[in-house]
Each structure stands twice: as C-alpha cells, then as structure tokens.
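**Student:** The structure is given below, and queries will be raised subsequently.
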Amino acid sequence: MLDFPRWKIASIIGVLLVGILLAIPSLMPEATARSLGLGWAPRINLGLDLAGGSHILLEADTADVAKTRLSSMEDTIRSEMRKENIGIGDISTANNALTFFIRDSGQLDAAVDKVRTLTAPVGSTGQRDWNVAVVDSTRIVMTPTQGGTDQFVDQAMTGAVDIVRKRIDALGTKEPTIVRQGTDRILVEVPGFSDPAELKALIGKTAKLEFKLVDTTADPAKVAANQPPIGDEILHFQTGAPIAVQRQAILTGTDLKHAQQSYDQNNLPSVAIDFNSRGARAFAEATQANVGKPFAIILDNVVLSAPNINEPILGGSASIAGSFTAQSAQALAISLQSGALPIALKTVEERTVGPGLGADSIHAGVIASTIAVVAVVVFMFVTYGRFGVYANMAVIINVFVILGAMALLNATLTLPGIAGFVLTIGTAVDANVLINERIREERRRGRGVVQSVEMGYKEASRTIFEANVTHAIAAFIMLILGSGPVKGFAVVLLLGIATSVFTAVLFTRMMVALWLRRARPQAIHI
C-alpha cells in the first residue's frame, strides 16, 4: 500500500498535468488562446447543437439511376466489342433497355458470351444485375434488373458518402457529421457553417464532367423539337438553347488529375483542369482528329460552352469557362477535385441552427456541472473527512482530464455530451465511496489503519473495475452503433469512465499512501 516509488508518483502526476494543460485552451475563447501563443493547441470542437451550423438531408435520385446505369453499360459495351473486333450498330437506350445489333451474324454467339461476362450476380439470389436476350437473330437486348438496381444504389451511396466528406473537408470545417441513413439518404451536419444554400450547392452537385463532340450535321428543326439523330442526345446550354452532341463522351471527369479556380484571358473566373496521362492522351487524340469541329464541355448534363478545336490540344490541360463568380468557380473546382458523385442526390430537408440555443445550452451545462461538482464535494467532505477531500481533488482533476482528453482526440462536444459530462461528474466518486466504505468495514473488524486502507483499496478495486467494464461495454455499443447525439454522449461517457477510474483509484491511493507514510496515524476518521 505504501510502496509508491518516485517514478510511479511522477508518472501519475505527469499524466494529470498533461490532461489539465490540454484542457486549458478549450476553456478560453479561441482569440484569447491565440494571443497567448496557444493557437497550436488542440481544442474541443462544438457540435451543431452547440455551435450552430447547417443541417442537410440528401436523398438519392432513383430516377437518375437507370440513366446512369444505361450510360455506363453503353460505354462498356462499345469498349469491349472494339477489343473483341466485333462490329456493332448504333446502341439504343430507349425504353430503359440497351439494344444493339451485331453486323456479322457469325459473331453473335461470341458477342452474347462477352456481354454476359459483363453482368454480375446479385448477392446469393442467383439473379444477375442485367438480363441478356437475343431478338431478331442479330439484336442483343440488355435490361437492368431490380436487384441490380438496388445493388448499384447501395454501392453508389457508399461512394457518395466518401465524396461528400471530401468536399466538406476541403472547406476546412471541423468535425462534420456525415452518416448514411437507410438505403438512400445521407445526413450532413456542419457546425459553424451557417449558409445551407452554399453547402447544398457544393455537396449536392453531381459534378459529372464530360467532353463530347457536337454533331454539326444535325437538323436544327429536329434539335429544337428534341428529336436527336441516332447516336446523339439533345442537351441545353445554361441559357436554355438546345444542342445535339454525340452520346459517347471523348473524355470524362474520371480522367482529371487536378482542378483549381483560376481566371481566363478576359480575367473572368474559370476552372483550370489538368488531365491524367490517360486523359491527356485521349484528349490529344480527339482534338487531333477533329480540328475545326466544336466540342461541348458538359457539367451535369448542362452545356457550359462549345468552343471550336482550332488546333490539337497536346498539353493535357484545359480551362472551363462559364458564368462563374470566384466563389462558384471555387465550389466547382472542389467538386471536380473530389470526383463526381456516383449517383445524383437531391435535398429533402435543410435548416440552419443558430448559435443562440447552443450558447444557452452551454451556459445551462456549466451551471449544472458546477452544481454537481459542489454537491459532490460537500457530500464527500461531510461524509468522509480527509478521505473525502482526496476524493474531491480527484473529481475536480477528473473534470480537467476529461476535457483534455477530448481536446487531444479532437472530439466534438454535443448537448447529449454535456449530459454525459454531468453524469460522469456525479458518478466519478462512486469508486471512492466503495473504497471508503470498505475501509470503514475493515476498521470495524479490528484491522489496523494501514491494513484497513490496503484491504479497502484491494477488495474494492475488483468491484470497481467489473462495474466500469460493463458500463464501458454499453457506452462502446452506443459509440459503434449510434450516430450524431448518441455518439457524442458515448464519447464523453467512455472518456469519463477511463479518467474517473484513473483518478479515483490511482490518484487517491497515491495521496493516501503519501499521507500515511508521512503522518503514520494510529486512527483515522472515516
């Protein structure tokens, strides 16, 4: 009991001092911390309910899924048939099916076999993501299945969460909440970001960039009537004017290496892009083969511009011009840099949370925490005397250590987190109550002071650890399975469990041991 070597004392005091020092910057305004040279120190982030910010709920646009799948499969079919030297006619995407004919009927079986290898099973149902059928001896029809569509949505939503996170991280915001809800929704909460419209414009933009050749032979009357030639599609400029472009893209956003906001030769905001090696090569080949022809730069099926190819573009770079402001160009650059969303998202709910409610919550939380600390301190002192003082020291230090641990982990404090914090303070002395009552029991049995204290800590520690393990398991389950407020509560609770056990068992034991070693009392009042 009295065996506390200097290294152990130094270790315990060192850990507690580090925790206290880490907590201090979070207890002062950020401007004050910077003025004191503490701007580098980690701070506790405030959640949306405390700091205010933007809340947006996004939902997958399932109507766009079929078009996306058909377009992707069309590109794959063209590429694979070209590799196999199988001649095919124009591909139709009408009636939610992919239809094309084989020029040489002798290659039909090879084409069907190849097409079927492009389909994939859906789970363990035995169903595939596409049905393949042969019609009129030379036509192959591919129809997407419902199971394949559901699987596509699931995979696309997983990718969409990652891309949304990249876009928000590029804003430099702290601790956003980005979680998938259900099968087709994403919840986005960004503390400190008070403009949901700007946030929605950034994360809701699909940012599907395409470069397509303009069909200059298309009949203007049919283009105006939305009747595209075979192999073409009708798109529109930002002004609403229609234009016929080839359905097959010569380049897409997947070939981008870098995008950043820039200015064009007229000093107007634009977006400068660099292609990767494959994209640069494809762009060079396409511009070499189509000098004098216009090509369309398309973003999310809207034509931004359609310049002429005056000469081959061999440098692997290009510029996207349009009716941009510096802010919108920057947002587009972020969207392109993070990649296109694999599925279109639409906003179904948006709101701004003001910081006023959070300030009131923090004020109420501080008052509740103060009352809890004072009540615990008074109770422990009146009930256990000197041992209560040691327990009170542990409670106060524990408050700072929890805050320091949260700052070190860059954790976010939410309103439920404040509730967890107050709960932790109220239960922080449970361990000391168990220890002190066990010491009383040992004294009643006639043991000496040192033996009673040693047995009290030894026997109570087993109960303390077992109780806190079950407590921690429940908090850990909330942390893993919960989201948003539940997770915030679990984080504070887990940290509180760990720090309270450390301060209540090790710290108070050290203080008691040092006192017993120095004073050698013959009796204790507990």
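Order determines the names: the first chain of the structure tokens is A, the second B, and so forth; residues in each chain are numbered 1 upward, and ligands are numbered 1 upward as they are shown.
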Write out as a list in words the residues lying within 10 Å of A:Leu38, counting only C-alpha atoms and excluding same-chain residues fewer than 6 positions away.
**Tutor:**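 Near A:Leu38, the qualifying residues are Ile24, Pro25, Glu30, Ala31 and Thr32 of chain A.
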**Student:** Keeping only N, CA and C atoms, write the selected residues as a compact mmCIF listing (two decimals), in the first residue's frame.
**Tutor:**
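Wrote it out as out14.txt, contents follow:
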```txt
# COMPACT_ATOMS: atom_id res chain seq x y z
N ILE A 24 -6.94 23.53 -20.79
CA ILE A 24 -6.97 24.99 -20.60
C ILE A 24 -7.35 25.75 -21.87
N PRO A 25 -6.75 25.46 -23.07
CA PRO A 25 -7.13 26.24 -24.26
C PRO A 25 -8.61 26.17 -24.61
N GLU A 30 -11.15 31.34 -28.43
CA GLU A 30 -10.08 30.99 -29.37
C GLU A 30 -9.15 32.17 -29.62
N ALA A 31 -9.70 33.37 -29.69
CA ALA A 31 -8.86 34.55 -29.91
C ALA A 31 -7.89 34.75 -28.75
N THR A 32 -8.39 34.53 -27.54
CA THR A 32 -7.51 34.66 -26.36
C THR A 32 -6.40 33.62 -26.39
```
**Student:** Can you list every residue in stretch 312-468 of chain A that DSSP puts in strand (DSSP E), as a PyMOL selection string?
**Tutor:** chain A and resi 317-321+345-353+412-413
**Student:** Neighbours of stretch 466-473 of chain A within 12 Å (only C-alpha atoms; same-chain residues fewer than 4 positions away dropped), as a PyMOL selection string?
**Tutor:** chain A and resi 424+427-428+430-431+434+459-462+477-480+490-502
**Student:** Among stretch 213-342 of chain A, which residues carry a DSSP assignment of helix (DSSP H, G or I), reported as a PDB file with N, CA and C atoms, in the first residue's frame?
**Tutor:**
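Output file selection.pdb is given in full below:
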```pdb
ATOM      1  N   PRO A 220     -31.381  21.418 -87.396  1.00  0.00           N
ATOM      2  CA  PRO A 220     -31.756  22.346 -86.320  1.00  0.00           C
ATOM      3  C   PRO A 220     -33.224  22.238 -85.917  1.00  0.00           C
ATOM      4  N   ALA A 221     -34.099  21.968 -86.900  1.00  0.00           N
ATOM      5  CA  ALA A 221     -35.529  21.862 -86.583  1.00  0.00           C
ATOM      6  C   ALA A 221     -35.793  20.654 -85.679  1.00  0.00           C
ATOM      7  N   LYS A 222     -35.112  19.542 -85.983  1.00  0.00           N
ATOM      8  CA  LYS A 222     -35.305  18.343 -85.163  1.00  0.00           C
ATOM      9  C   LYS A 222     -34.647  18.513 -83.795  1.00  0.00           C
ATOM     10  N   VAL A 223     -33.540  19.235 -83.770  1.00  0.00           N
ATOM     11  CA  VAL A 223     -32.891  19.501 -82.480  1.00  0.00           C
ATOM     12  C   VAL A 223     -33.819  20.324 -81.594  1.00  0.00           C
ATOM     13  N   ALA A 224     -34.459  21.351 -82.207  1.00  0.00           N
ATOM     14  CA  ALA A 224     -35.385  22.183 -81.444  1.00  0.00           C
ATOM     15  C   ALA A 224     -36.594  21.387 -80.971  1.00  0.00           C
ATOM     16  N   GLY A 253     -14.865  13.204 -66.346  1.00  0.00           N
ATOM     17  CA  GLY A 253     -14.194  13.711 -65.154  1.00  0.00           C
ATOM     18  C   GLY A 253     -13.299  12.698 -64.479  1.00  0.00           C
ATOM     19  N   THR A 254     -13.474  11.403 -64.771  1.00  0.00           N
ATOM     20  CA  THR A 254     -12.608  10.390 -64.175  1.00  0.00           C
ATOM     21  C   THR A 254     -11.176  10.507 -64.683  1.00  0.00           C
ATOM     22  N   ASP A 255     -10.991  11.260 -65.783  1.00  0.00           N
ATOM     23  CA  ASP A 255      -9.650  11.425 -66.337  1.00  0.00           C
ATOM     24  C   ASP A 255      -8.950  12.663 -65.800  1.00  0.00           C
ATOM     25  N   SER A 277      -2.490  10.983 -67.291  1.00  0.00           N
ATOM     26  CA  SER A 277      -1.807  10.563 -68.519  1.00  0.00           C
ATOM     27  C   SER A 277      -2.775   9.965 -69.527  1.00  0.00           C
ATOM     28  N   ARG A 278      -3.715   9.144 -69.061  1.00  0.00           N
ATOM     29  CA  ARG A 278      -4.680   8.543 -69.987  1.00  0.00           C
ATOM     30  C   ARG A 278      -5.604   9.605 -70.571  1.00  0.00           C
ATOM     31  N   GLY A 279      -6.057  10.533 -69.712  1.00  0.00           N
ATOM     32  CA  GLY A 279      -6.938  11.587 -70.192  1.00  0.00           C
ATOM     33  C   GLY A 279      -6.236  12.527 -71.157  1.00  0.00           C
ATOM     34  N   ALA A 280      -4.972  12.866 -70.869  1.00  0.00           N
ATOM     35  CA  ALA A 280      -4.216  13.759 -71.749  1.00  0.00           C
ATOM     36  C   ALA A 280      -4.042  13.129 -73.128  1.00  0.00           C
ATOM     37  N   ARG A 281      -3.764  11.823 -73.129  1.00  0.00           N
ATOM     38  CA  ARG A 281      -3.583  11.117 -74.402  1.00  0.00           C
ATOM     39  C   ARG A 281      -4.892  11.074 -75.192  1.00  0.00           C
ATOM     40  N   ALA A 282      -5.989  10.758 -74.512  1.00  0.00           N
ATOM     41  CA  ALA A 282      -7.290  10.685 -75.191  1.00  0.00           C
ATOM     42  C   ALA A 282      -7.709  12.061 -75.704  1.00  0.00           C
ATOM     43  N   PHE A 283      -7.460  13.110 -74.927  1.00  0.00           N
ATOM     44  CA  PHE A 283      -7.833  14.465 -75.341  1.00  0.00           C
ATOM     45  C   PHE A 283      -7.002  14.909 -76.540  1.00  0.00           C
ATOM     46  N   ALA A 284      -5.724  14.569 -76.505  1.00  0.00           N
ATOM     47  CA  ALA A 284      -4.853  14.920 -77.633  1.00  0.00           C
ATOM     48  C   ALA A 284      -5.310  14.209 -78.911  1.00  0.00           C
ATOM     49  N   GLU A 285      -5.634  12.918 -78.812  1.00  0.00           N
ATOM     50  CA  GLU A 285      -6.075  12.163 -79.984  1.00  0.00           C
ATOM     51  C   GLU A 285      -7.398  12.708 -80.518  1.00  0.00           C
ATOM     52  N   ALA A 286      -8.318  13.040 -79.607  1.00  0.00           N
ATOM     53  CA  ALA A 286      -9.625  13.533 -80.034  1.00  0.00           C
ATOM     54  C   ALA A 286      -9.511  14.897 -80.711  1.00  0.00           C
ATOM     55  N   THR A 287      -8.691  15.773 -80.175  1.00  0.00           N
ATOM     56  CA  THR A 287      -8.552  17.112 -80.781  1.00  0.00           C
ATOM     57  C   THR A 287      -7.755  17.064 -82.084  1.00  0.00           C
ATOM     58  N   GLN A 288      -6.818  16.147 -82.190  1.00  0.00           N
ATOM     59  CA  GLN A 288      -6.075  15.994 -83.447  1.00  0.00           C
ATOM     60  C   GLN A 288      -6.992  15.525 -84.569  1.00  0.00           C
ATOM     61  N   ALA A 289      -7.901  14.610 -84.225  1.00  0.00           N
ATOM     62  CA  ALA A 289      -8.775  14.024 -85.242  1.00  0.00           C
ATOM     63  C   ALA A 289      -9.972  14.913 -85.579  1.00  0.00           C
ATOM     64  N   ALA A 326     -16.131  34.023 -58.588  1.00  0.00           N
ATOM     65  CA  ALA A 326     -14.960  33.388 -57.981  1.00  0.00           C
ATOM     66  C   ALA A 326     -15.403  32.294 -57.002  1.00  0.00           C
ATOM     67  N   GLN A 327     -16.507  32.541 -56.289  1.00  0.00           N
ATOM     68  CA  GLN A 327     -16.988  31.573 -55.308  1.00  0.00           C
ATOM     69  C   GLN A 327     -17.533  30.318 -55.980  1.00  0.00           C
ATOM     70  N   SER A 328     -18.334  30.489 -57.040  1.00  0.00           N
ATOM     71  CA  SER A 328     -18.903  29.323 -57.721  1.00  0.00           C
ATOM     72  C   SER A 328     -17.832  28.538 -58.465  1.00  0.00           C
ATOM     73  N   ALA A 329     -16.821  29.236 -58.987  1.00  0.00           N
ATOM     74  CA  ALA A 329     -15.713  28.540 -59.650  1.00  0.00           C
ATOM     75  C   ALA A 329     -14.924  27.713 -58.648  1.00  0.00           C
ATOM     76  N   GLN A 330     -14.739  28.271 -57.442  1.00  0.00           N
ATOM     77  CA  GLN A 330     -14.036  27.530 -56.392  1.00  0.00           C
ATOM     78  C   GLN A 330     -14.841  26.300 -55.977  1.00  0.00           C
ATOM     79  N   ALA A 331     -16.151  26.457 -55.865  1.00  0.00           N
ATOM     80  CA  ALA A 331     -17.005  25.323 -55.493  1.00  0.00           C
ATOM     81  C   ALA A 331     -16.949  24.240 -56.558  1.00  0.00           C
ATOM     82  N   LEU A 332     -16.960  24.640 -57.838  1.00  0.00           N
ATOM     83  CA  LEU A 332     -16.879  23.663 -58.919  1.00  0.00           C
ATOM     84  C   LEU A 332     -15.526  22.954 -58.898  1.00  0.00           C
ATOM     85  N   ALA A 333     -14.460  23.691 -58.647  1.00  0.00           N
ATOM     86  CA  ALA A 333     -13.134  23.077 -58.587  1.00  0.00           C
ATOM     87  C   ALA A 333     -13.073  22.035 -57.473  1.00  0.00           C
ATOM     88  N   ILE A 334     -13.655  22.357 -56.312  1.00  0.00           N
ATOM     89  CA  ILE A 334     -13.690  21.395 -55.206  1.00  0.00           C
ATOM     90  C   ILE A 334     -14.477  20.152 -55.605  1.00  0.00           C
ATOM     91  N   SER A 335     -15.616  20.365 -56.267  1.00  0.00           N
ATOM     92  CA  SER A 335     -16.454  19.231 -56.678  1.00  0.00           C
ATOM     93  C   SER A 335     -15.729  18.335 -57.675  1.00  0.00           C
ATOM     94  N   LEU A 336     -15.051  18.956 -58.650  1.00  0.00           N
ATOM     95  CA  LEU A 336     -14.329  18.169 -59.651  1.00  0.00           C
ATOM     96  C   LEU A 336     -13.135  17.454 -59.028  1.00  0.00           C
ATOM     97  N   GLN A 337     -12.449  18.140 -58.120  1.00  0.00           N
ATOM     98  CA  GLN A 337     -11.275  17.554 -57.492  1.00  0.00           C
ATOM     99  C   GLN A 337     -11.646  16.341 -56.648  1.00  0.00           C
ATOM    100  N   SER A 338     -12.776  16.407 -55.986  1.00  0.00           N
ATOM    101  CA  SER A 338     -13.198  15.297 -55.124  1.00  0.00           C
ATOM    102  C   SER A 338     -13.805  14.156 -55.926  1.00  0.00           C
TER     103      SER A 338
END
```
**Student:** Write out as number ranges by chain each polymer residue whose atoms come within 10 Å of A:Phe193, counting only C-alpha atoms; drop sequence neighbours fewer than 5 positions from it.
**Tutor:** A: 48, 51-55, 171, 173-174, 176, 198-199, 352-353
**Student:** Write a file of the selected residues as a compact mmCIF listing (two decimals), in the first residue's frame, keeping N, CA and C atoms.
**Tutor:**
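Result file is again28.txt:
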```
# COMPACT_ATOMS: atom_id res chain seq x y z
N LEU A 48 -23.12 20.67 -33.74
CA LEU A 48 -24.10 21.54 -34.40
C LEU A 48 -25.08 22.14 -33.40
N ALA A 51 -22.72 24.90 -31.42
CA ALA A 51 -22.06 25.98 -32.18
C ALA A 51 -22.96 26.54 -33.27
N GLY A 52 -24.09 25.89 -33.56
CA GLY A 52 -24.90 26.29 -34.70
C GLY A 52 -24.27 25.78 -35.98
N GLY A 53 -24.97 25.93 -37.09
CA GLY A 53 -24.44 25.46 -38.37
C GLY A 53 -25.55 25.03 -39.31
N SER A 54 -25.18 24.18 -40.25
CA SER A 54 -26.13 23.77 -41.30
C SER A 54 -26.44 22.28 -41.19
N HIS A 55 -27.72 21.98 -41.42
CA HIS A 55 -28.21 20.60 -41.40
C HIS A 55 -28.87 20.34 -42.75
N LEU A 171 -13.50 22.42 -47.29
CA LEU A 171 -13.92 23.72 -46.75
C LEU A 171 -13.14 24.09 -45.49
N THR A 173 -13.78 22.84 -42.52
CA THR A 173 -14.64 22.80 -41.34
C THR A 173 -14.20 21.67 -40.41
N LYS A 174 -14.60 21.78 -39.13
CA LYS A 174 -14.19 20.80 -38.15
C LYS A 174 -15.34 19.89 -37.77
N PRO A 176 -17.46 17.56 -39.13
CA PRO A 176 -18.80 17.44 -39.71
C PRO A 176 -19.35 16.06 -39.42
N GLU A 198 -25.26 27.48 -49.73
CA GLU A 198 -23.92 27.30 -50.28
C GLU A 198 -23.44 25.86 -50.08
N LEU A 199 -23.74 25.31 -48.92
CA LEU A 199 -23.34 23.93 -48.64
C LEU A 199 -24.07 22.97 -49.57
N THR A 352 -30.99 25.77 -40.82
CA THR A 352 -29.86 26.41 -40.16
C THR A 352 -30.12 26.43 -38.67
N VAL A 353 -29.14 25.99 -37.91
CA VAL A 353 -29.24 26.01 -36.45
C VAL A 353 -28.44 27.20 -35.95
```
**Student:** Mind pulling up the distance from atom CA of A:Phe400 to atom CA of A:Ile20?
**Tutor:** 5.1 Å
**Student:** Report, in Å to a single decimal, how far apart atom CA of A:Tyr457 and atom CA of A:Val401 are.
**Tutor:**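 Computing the Euclidean distance for atom CA of A:Val401 and atom CA of A:Tyr457 yields 22.3 Å.
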**Student:** I want to know what sits within 9 Å of stretch 307-311 of chain A, based on only C-alpha atoms, with residues of the same chain fewer than 2 positions away left out; could you give that as a short mmCIF file (atom, residue, chain, number, x, y, z; two decimals) with C-alpha atoms, in the first residue's frame?
**Tutor:**
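Here's the written file around.cif:
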```cif
data_model
loop_
_atom_site.label_atom_id
_atom_site.label_comp_id
_atom_site.auth_asym_id
_atom_site.auth_seq_id
_atom_site.Cartn_x
_atom_site.Cartn_y
_atom_site.Cartn_z
CA THR A 287 -8.55 17.11 -80.78
CA GLN A 288 -6.08 15.99 -83.45
CA ASN A 290 -11.41 16.79 -85.04
CA VAL A 291 -9.62 20.06 -85.81
CA GLY A 292 -12.15 22.66 -86.93
CA LYS A 293 -15.06 20.96 -85.16
CA PRO A 294 -16.73 22.15 -81.97
CA PHE A 295 -16.84 20.09 -78.81
CA ALA A 296 -19.08 20.60 -75.80
CA ILE A 297 -17.94 20.91 -72.20
CA SER A 305 -19.53 26.04 -73.58
CA ILE A 313 -4.52 20.36 -77.57
#
```
**Student:** List the spatial neighbours of A:Val135 as a list in words - criterion: any atom at most 12 Å away, only C-alpha atoms, same-chain residues fewer than 2 positions off excluded.
**Tutor:**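 Listed by chain and then number, they are Thr99, Phe100, Phe101, Ile102, Leu108, Val112, Val132, Ala133, Ser137, Thr138, Arg139, Ile140, Val141 and Met142 of chain A.
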**Student:** Could you tell me how far atom CA of A:Asp169 sits from atom CA of A:Phe421, in Å to one decimal place?
**Tutor:**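 That distance, rounded to one decimal, is 28.1 Å.
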**Student:** Could you check the closest approach to A:Arg43 for each of A:Asn410, A:Val505, A:Ile425, A:Ile367 and tell me which residue wins, using only C-alpha atoms?
**Tutor:** A:Asn410
**Student:** Excluding A:Ala513 and residues on its chain fewer than 6 positions from it, collect all residues at most 12 Å away from it, counting only C-alpha atoms, and give them as an NGL selection string.
**Tutor:** :A and (1-5 or 9 or 387 or 390 or 449-451 or 453-454 or 457 or 505-507 or 519-521)
**Student:** Which residues of stretch 185-240 of chain A have any atom within 12 Å of an atom in stretch 85-97 of chain A when counting only C-alpha atoms, and what is the closest pair of atoms for each, with the distance in Å to one decimal? Order the rows by chain and rising number and write it as a Markdown table.
**Tutor:**
```
| residue | atom | partner | partner_atom | distance |
| --- | --- | --- | --- | --- |
| A:Pro228 | CA | A:Ser92 | CA | 11.8 |
| A:Pro229 | CA | A:Asp90 | CA | 10.6 |
| A:Ile230 | CA | A:Asp90 | CA | 6.9 |
| A:Gly231 | CA | A:Asp90 | CA | 6.1 |
| A:Asp232 | CA | A:Asp90 | CA | 9.9 |
| A:Glu233 | CA | A:Thr93 | CA | 10.7 |
```
